[in-house]
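What follows is a short report on a single structure.
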Amino acid sequence: MPPDETSKCLSGQVALVTGAGRGIGRAVSLALAREGARVVLAARSAGQLAAVEAEIHRAGGEAIAVPTDVSSEASVLGLFERLRGELGRLDILVNNAGTGAFGAIADLEAADLDRVLAVNVRGTFLCSREALKLMRPRRSGTIVNIASVVGFRGYPNQGAYSASKHAVMGLTKSLAVEAQADGIRVSAVLPGGVNTDMIGDARPDLDRSTLLQPEDIARTVLFLITLPEHAAVDEIYIRRRSSKPF
């Protein structure tokens, strides 16, 4: 028998996940779909998005793949135009799309920093701004920004990436205050090392067997989204058990 739709905690809700084609974004999208959300999948890679969309459909969920470059305002506006036209609402936004440039600050090009900031910061800003336009009239919604441990700690060879994630935290804190009066919750998840494609470039020294899995972050996001209406969590730092707390 098919699962009872009434038992799914996100039935009837619409979620948008950026960077949904792989890694944390894929895991979050699958988790939200399993709980009954209709998930809009956004990323630059149409092929990866199609694979995640098919995976959700095979499991009986609902998903729409919309290839999107979150660093482009025109692309983000097109994404939200389609979302608004086809689904008419937005309850959940997970700003997960991200990229990195790794190396000593003295060796990085300005273009490296520009690219990282464009995706990680500008993309978070653009998607959050457009999400508010859909959430505010309903006086409800949840925005979760995927930051990083480097959003409050510094590591060698991660200057550009760290700068972008510190900026994401600044946006998150301001957005949380601005959106509170409209009944919208804004939170950040700051993972330590996660077993994704990026970790090989950022921390080749880490033993992959000790890393967090994308599904661990997905469960954390789901926790934030399903909090009681009277509760809010500003940020969650989730680390590997084998790493130092601070």
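Here's how to read the names in the structure tokens: chain A, B, ... by the order shown, residue numbers from 1 in each chain, ligand numbers from 1 in the order shown.
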
*Which neighbours of A:Asp91 fall inside 12 Å, counting only C-alpha atoms, when residues of the same chain fewer than 2 positions from it are skipped, and could you give them as number ranges by chain?*
A: 10-17, 32, 37-40, 83-84, 87-89, 93-94, 131-144, 183-186, 225-226

Would you please extract all alpha helix (DSSP H) residues from stretch 1-231 of chain A, as assigned by DSSP on the backbone, and give them as a compact mmCIF listing (two decimals) with N, CA and C atoms, in the first residue's frame?
# COMPACT_ATOMS: atom_id res chain seq x y z
N GLY A 23 25.33 15.96 -3.50
CA GLY A 23 25.78 16.24 -2.15
C GLY A 23 24.67 16.58 -1.18
N ILE A 24 24.88 17.64 -0.40
CA ILE A 24 23.92 18.04 0.61
C ILE A 24 22.59 18.40 -0.01
N GLY A 25 22.61 19.12 -1.14
CA GLY A 25 21.36 19.53 -1.78
C GLY A 25 20.50 18.36 -2.21
N ARG A 26 21.14 17.36 -2.77
CA ARG A 26 20.41 16.15 -3.16
C ARG A 26 19.79 15.48 -1.93
N ALA A 27 20.59 15.32 -0.87
CA ALA A 27 20.10 14.66 0.33
C ALA A 27 18.94 15.42 0.96
N VAL A 28 19.04 16.74 1.01
CA VAL A 28 17.96 17.56 1.56
C VAL A 28 16.70 17.42 0.71
N SER A 29 16.86 17.47 -0.60
CA SER A 29 15.70 17.35 -1.50
C SER A 29 14.98 16.03 -1.31
N LEU A 30 15.73 14.94 -1.22
CA LEU A 30 15.13 13.63 -1.02
C LEU A 30 14.41 13.56 0.32
N ALA A 31 15.01 14.12 1.36
CA ALA A 31 14.40 14.10 2.69
C ALA A 31 13.09 14.88 2.71
N LEU A 32 13.07 16.05 2.09
CA LEU A 32 11.85 16.86 2.07
C LEU A 32 10.75 16.18 1.26
N ALA A 33 11.14 15.58 0.14
CA ALA A 33 10.15 14.88 -0.68
C ALA A 33 9.57 13.69 0.06
N ARG A 34 10.39 12.98 0.81
CA ARG A 34 9.88 11.84 1.58
C ARG A 34 8.84 12.26 2.60
N ALA A 46 21.78 20.55 -15.50
CA ALA A 46 20.48 19.98 -15.84
C ALA A 46 20.49 18.46 -15.70
N GLY A 47 21.61 17.82 -16.05
CA GLY A 47 21.69 16.37 -15.96
C GLY A 47 21.58 15.88 -14.53
N GLN A 48 22.29 16.51 -13.61
CA GLN A 48 22.22 16.12 -12.21
C GLN A 48 20.82 16.35 -11.64
N LEU A 49 20.23 17.47 -12.00
CA LEU A 49 18.87 17.76 -11.52
C LEU A 49 17.88 16.72 -12.01
N ALA A 50 18.00 16.35 -13.27
CA ALA A 50 17.09 15.35 -13.84
C ALA A 50 17.20 14.03 -13.11
N ALA A 51 18.41 13.67 -12.71
CA ALA A 51 18.61 12.42 -11.98
C ALA A 51 17.95 12.46 -10.61
N VAL A 52 18.07 13.59 -9.91
CA VAL A 52 17.44 13.71 -8.60
C VAL A 52 15.92 13.75 -8.74
N GLU A 53 15.45 14.47 -9.74
CA GLU A 53 14.01 14.53 -10.00
C GLU A 53 13.46 13.13 -10.24
N ALA A 54 14.15 12.33 -11.05
CA ALA A 54 13.70 10.97 -11.34
C ALA A 54 13.73 10.11 -10.08
N GLU A 55 14.73 10.31 -9.25
CA GLU A 55 14.84 9.55 -8.01
C GLU A 55 13.66 9.83 -7.08
N ILE A 56 13.28 11.08 -7.00
CA ILE A 56 12.13 11.46 -6.17
C ILE A 56 10.85 10.88 -6.73
N HIS A 57 10.69 10.96 -8.05
CA HIS A 57 9.47 10.42 -8.68
C HIS A 57 9.37 8.92 -8.47
N ARG A 58 10.49 8.21 -8.58
CA ARG A 58 10.46 6.76 -8.37
C ARG A 58 10.01 6.40 -6.96
N GLU A 73 20.96 37.23 -11.49
CA GLU A 73 19.65 37.73 -11.07
C GLU A 73 18.57 37.33 -12.07
N ALA A 74 18.87 37.38 -13.35
CA ALA A 74 17.89 37.00 -14.36
C ALA A 74 17.50 35.54 -14.22
N SER A 75 18.48 34.68 -13.95
CA SER A 75 18.19 33.26 -13.79
C SER A 75 17.34 33.00 -12.56
N VAL A 76 17.65 33.68 -11.46
CA VAL A 76 16.87 33.51 -10.23
C VAL A 76 15.45 34.03 -10.43
N LEU A 77 15.30 35.16 -11.09
CA LEU A 77 13.95 35.69 -11.35
C LEU A 77 13.15 34.71 -12.21
N GLY A 78 13.80 34.08 -13.18
CA GLY A 78 13.12 33.08 -14.00
C GLY A 78 12.70 31.87 -13.18
N LEU A 79 13.55 31.45 -12.26
CA LEU A 79 13.22 30.34 -11.37
C LEU A 79 11.97 30.66 -10.56
N PHE A 80 11.92 31.82 -9.97
CA PHE A 80 10.78 32.18 -9.13
C PHE A 80 9.52 32.45 -9.94
N GLU A 81 9.70 32.93 -11.16
CA GLU A 81 8.53 33.11 -12.03
C GLU A 81 7.88 31.76 -12.32
N ARG A 82 8.71 30.76 -12.59
CA ARG A 82 8.16 29.43 -12.84
C ARG A 82 7.54 28.84 -11.58
N LEU A 83 8.21 29.01 -10.46
CA LEU A 83 7.69 28.50 -9.20
C LEU A 83 6.33 29.12 -8.90
N ARG A 84 6.26 30.43 -9.04
CA ARG A 84 5.01 31.14 -8.76
C ARG A 84 3.91 30.70 -9.71
N GLY A 85 4.25 30.52 -10.98
CA GLY A 85 3.24 30.17 -11.97
C GLY A 85 2.73 28.75 -11.83
N GLU A 86 3.62 27.81 -11.48
CA GLU A 86 3.22 26.40 -11.42
C GLU A 86 2.74 25.95 -10.05
N ALA A 110 41.83 37.65 -7.92
CA ALA A 110 40.60 38.37 -7.54
C ALA A 110 39.37 37.70 -8.14
N ALA A 111 39.54 37.14 -9.34
CA ALA A 111 38.42 36.45 -9.99
C ALA A 111 37.95 35.24 -9.20
N ASP A 112 38.88 34.59 -8.47
CA ASP A 112 38.50 33.46 -7.63
C ASP A 112 37.55 33.91 -6.53
N LEU A 113 37.91 35.00 -5.87
CA LEU A 113 37.06 35.54 -4.81
C LEU A 113 35.72 35.99 -5.37
N ASP A 114 35.75 36.67 -6.51
CA ASP A 114 34.50 37.15 -7.11
C ASP A 114 33.55 35.99 -7.40
N ARG A 115 34.07 34.90 -7.93
CA ARG A 115 33.23 33.75 -8.28
C ARG A 115 32.60 33.13 -7.04
N VAL A 116 33.39 32.97 -5.99
CA VAL A 116 32.87 32.36 -4.76
C VAL A 116 31.81 33.24 -4.12
N LEU A 117 32.07 34.53 -4.06
CA LEU A 117 31.09 35.45 -3.47
C LEU A 117 29.81 35.51 -4.30
N GLY A 123 23.99 34.59 -4.46
CA GLY A 123 22.94 33.60 -4.68
C GLY A 123 22.02 33.48 -3.49
N THR A 124 22.59 33.46 -2.28
CA THR A 124 21.77 33.40 -1.07
C THR A 124 20.90 34.64 -0.93
N PHE A 125 21.49 35.80 -1.21
CA PHE A 125 20.74 37.06 -1.15
C PHE A 125 19.58 37.06 -2.15
N LEU A 126 19.86 36.73 -3.40
CA LEU A 126 18.82 36.80 -4.44
C LEU A 126 17.67 35.84 -4.14
N CYS A 127 17.99 34.61 -3.79
CA CYS A 127 16.93 33.63 -3.54
C CYS A 127 16.13 33.99 -2.30
N SER A 128 16.79 34.48 -1.27
CA SER A 128 16.09 34.88 -0.05
C SER A 128 15.16 36.06 -0.32
N ARG A 129 15.66 37.02 -1.07
CA ARG A 129 14.83 38.19 -1.39
C ARG A 129 13.56 37.80 -2.12
N GLU A 130 13.69 36.94 -3.11
CA GLU A 130 12.52 36.53 -3.88
C GLU A 130 11.60 35.62 -3.06
N ALA A 131 12.18 34.81 -2.19
CA ALA A 131 11.37 33.95 -1.33
C ALA A 131 10.49 34.77 -0.40
N LEU A 132 11.04 35.85 0.13
CA LEU A 132 10.26 36.70 1.03
C LEU A 132 9.00 37.24 0.36
N LYS A 133 9.07 37.51 -0.92
CA LYS A 133 7.91 38.04 -1.64
C LYS A 133 6.76 37.05 -1.68
N LEU A 134 7.09 35.76 -1.62
CA LEU A 134 6.06 34.73 -1.61
C LEU A 134 5.64 34.35 -0.19
N MET A 135 6.56 34.45 0.75
CA MET A 135 6.26 34.04 2.12
C MET A 135 5.53 35.11 2.92
N GLY A 159 40.62 31.11 2.57
CA GLY A 159 40.28 32.51 2.78
C GLY A 159 39.05 32.97 2.01
N ALA A 160 38.99 32.63 0.71
CA ALA A 160 37.85 33.07 -0.11
C ALA A 160 36.56 32.38 0.34
N TYR A 161 36.65 31.09 0.56
CA TYR A 161 35.47 30.33 1.00
C TYR A 161 35.00 30.80 2.37
N SER A 162 35.95 31.02 3.29
CA SER A 162 35.61 31.49 4.62
C SER A 162 34.96 32.86 4.57
N ALA A 163 35.49 33.75 3.75
CA ALA A 163 34.90 35.08 3.62
C ALA A 163 33.45 34.99 3.16
N SER A 164 33.18 34.10 2.23
CA SER A 164 31.81 33.95 1.71
C SER A 164 30.87 33.41 2.77
N LYS A 165 31.34 32.45 3.56
CA LYS A 165 30.46 31.86 4.57
C LYS A 165 30.27 32.78 5.77
N HIS A 166 31.27 33.61 6.09
CA HIS A 166 31.04 34.65 7.09
C HIS A 166 29.96 35.61 6.59
N ALA A 167 30.00 35.93 5.31
CA ALA A 167 28.99 36.82 4.74
C ALA A 167 27.60 36.18 4.78
N VAL A 168 27.54 34.88 4.50
CA VAL A 168 26.25 34.16 4.59
C VAL A 168 25.70 34.26 6.01
N MET A 169 26.56 34.14 7.00
CA MET A 169 26.10 34.26 8.38
C MET A 169 25.60 35.67 8.68
N GLY A 170 26.26 36.68 8.14
CA GLY A 170 25.78 38.04 8.32
C GLY A 170 24.41 38.24 7.70
N LEU A 171 24.23 37.73 6.48
CA LEU A 171 22.91 37.80 5.84
C LEU A 171 21.86 37.07 6.66
N THR A 172 22.22 35.90 7.16
CA THR A 172 21.27 35.10 7.93
C THR A 172 20.80 35.85 9.16
N LYS A 173 21.71 36.44 9.89
CA LYS A 173 21.37 37.13 11.13
C LYS A 173 20.47 38.34 10.87
N SER A 174 20.78 39.11 9.85
CA SER A 174 19.95 40.27 9.52
C SER A 174 18.58 39.83 8.99
N LEU A 175 18.58 38.82 8.14
CA LEU A 175 17.33 38.34 7.57
C LEU A 175 16.42 37.79 8.66
N ALA A 176 16.98 37.10 9.64
CA ALA A 176 16.17 36.55 10.72
C ALA A 176 15.43 37.64 11.47
N VAL A 177 16.11 38.75 11.71
CA VAL A 177 15.48 39.86 12.43
C VAL A 177 14.42 40.53 11.57
N GLU A 178 14.74 40.76 10.31
CA GLU A 178 13.80 41.42 9.41
C GLU A 178 12.54 40.59 9.16
N ALA A 179 12.70 39.27 9.07
CA ALA A 179 11.58 38.41 8.69
C ALA A 179 10.73 37.96 9.88
N GLN A 180 11.23 38.15 11.08
CA GLN A 180 10.53 37.65 12.27
C GLN A 180 9.12 38.22 12.38
N ILE A 199 34.98 18.58 -0.49
CA ILE A 199 35.88 18.35 0.63
C ILE A 199 37.26 17.89 0.17
N GLY A 200 37.33 17.22 -0.97
CA GLY A 200 38.62 16.78 -1.48
C GLY A 200 39.53 17.94 -1.82
N ASP A 201 38.93 19.05 -2.29
CA ASP A 201 39.72 20.24 -2.60
C ASP A 201 40.04 21.05 -1.35
N ALA A 202 39.04 21.14 -0.46
CA ALA A 202 39.20 21.99 0.71
C ALA A 202 40.08 21.36 1.78
N PRO A 214 26.08 13.64 3.79
CA PRO A 214 25.04 14.61 3.41
C PRO A 214 23.71 14.35 4.09
N GLU A 215 23.40 13.09 4.34
CA GLU A 215 22.14 12.75 5.00
C GLU A 215 22.09 13.28 6.44
N ASP A 216 23.25 13.41 7.09
CA ASP A 216 23.28 13.99 8.44
C ASP A 216 22.83 15.45 8.40
N ILE A 217 23.26 16.16 7.37
CA ILE A 217 22.86 17.56 7.24
C ILE A 217 21.38 17.66 6.87
N ALA A 218 20.92 16.74 6.03
CA ALA A 218 19.51 16.73 5.66
C ALA A 218 18.61 16.54 6.88
N ARG A 219 19.00 15.67 7.78
CA ARG A 219 18.22 15.46 8.99
C ARG A 219 18.20 16.71 9.86
N THR A 220 19.31 17.43 9.88
CA THR A 220 19.38 18.67 10.65
C THR A 220 18.46 19.73 10.05
N VAL A 221 18.46 19.83 8.72
CA VAL A 221 17.57 20.77 8.04
C VAL A 221 16.12 20.42 8.32
N LEU A 222 15.78 19.15 8.25
CA LEU A 222 14.41 18.72 8.51
C LEU A 222 13.99 19.06 9.94
N PHE A 223 14.91 18.91 10.89
CA PHE A 223 14.63 19.29 12.27
C PHE A 223 14.24 20.76 12.35
N LEU A 224 14.99 21.63 11.70
CA LEU A 224 14.70 23.07 11.74
C LEU A 224 13.35 23.39 11.11
N ILE A 225 13.06 22.73 10.01
CA ILE A 225 11.82 23.01 9.28
C ILE A 225 10.59 22.57 10.06

_Using DSSP assignments from the backbone, pull out every residue in stretch 15-189 of chain A that falls under strand (DSSP E or B) and give it to me as a VMD selection string._
chain A and resid 15 to 18 38 to 43 62 to 67 92 to 95 103 141 to 146 158 184 to 189

*asked:* So the first atom is atom CA of A:Val66 and the second is atom CA of A:Gly98; what is the distance between them in Å, to one decimal place?
replied: 16.7 Å

Within 7 Å of A:Leu211 using only C-alpha atoms, minus same-chain residues under 5 positions, as a CSV table (one decimal) with N, CA and C atoms, in the first residue's frame:
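around-v1.csv, written as the output of this step:
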chain,number,residue,atom,x,y,z
A,193,GLY,N,33.4,19.0,8.4
A,193,GLY,CA,33.7,18.2,7.1
A,193,GLY,C,32.6,17.3,6.7
A,194,VAL,N,32.0,17.5,5.5
A,194,VAL,CA,31.0,16.6,5.0
A,194,VAL,C,31.5,15.9,3.8
A,195,ASN,N,31.2,14.7,3.6
A,195,ASN,CA,31.7,13.8,2.5
A,195,ASN,C,31.0,14.2,1.2
A,240,ARG,N,32.0,16.6,13.0
A,240,ARG,CA,32.4,15.2,13.1
A,240,ARG,C,32.7,14.9,14.6

*For atom CA of A:Asp69 and atom CA of A:Arg22, the interatomic separation in Å (one decimal)*: 14.9 Å

_Nearest to A:Val70, chosen from A:Arg241, A:Leu206, A:Gly19, A:Pro191, with only C-alpha atoms counted in the distances_ =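 Between A:Arg241, A:Leu206, A:Gly19, A:Pro191, the residue approaching A:Val70 most closely is A:Gly19.
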
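Our summary of the geometry notes that atom CA of A:Glu35 is positioned 27.4 Å from atom CA of A:Ala181.
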
_Nearest candidate to A:Asn157 (options A:Gly192, A:Pro204, A:Gly21, A:Gly103; using only C-alpha atoms)_ = A:Gly103

*Contacts of A:Ala188 at 7 Å or less, counting only C-alpha atoms, minus same-chain residues fewer than 5 places along, as a list in words?*
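Neighbouring residues, sequence-local ones excluded: Val144, Asn145, Ile146, Ala147, Thr172, Asp234, Glu235 and Ile236 of chain A.
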
*Considering only C-alpha atoms, state which residue in the set A:Ala43, A:Leu190, A:Arg239, A:Glu62 is at the smallest distance from A:Ala97.*
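Closest to A:Ala97 of all the choices is A:Ala43.
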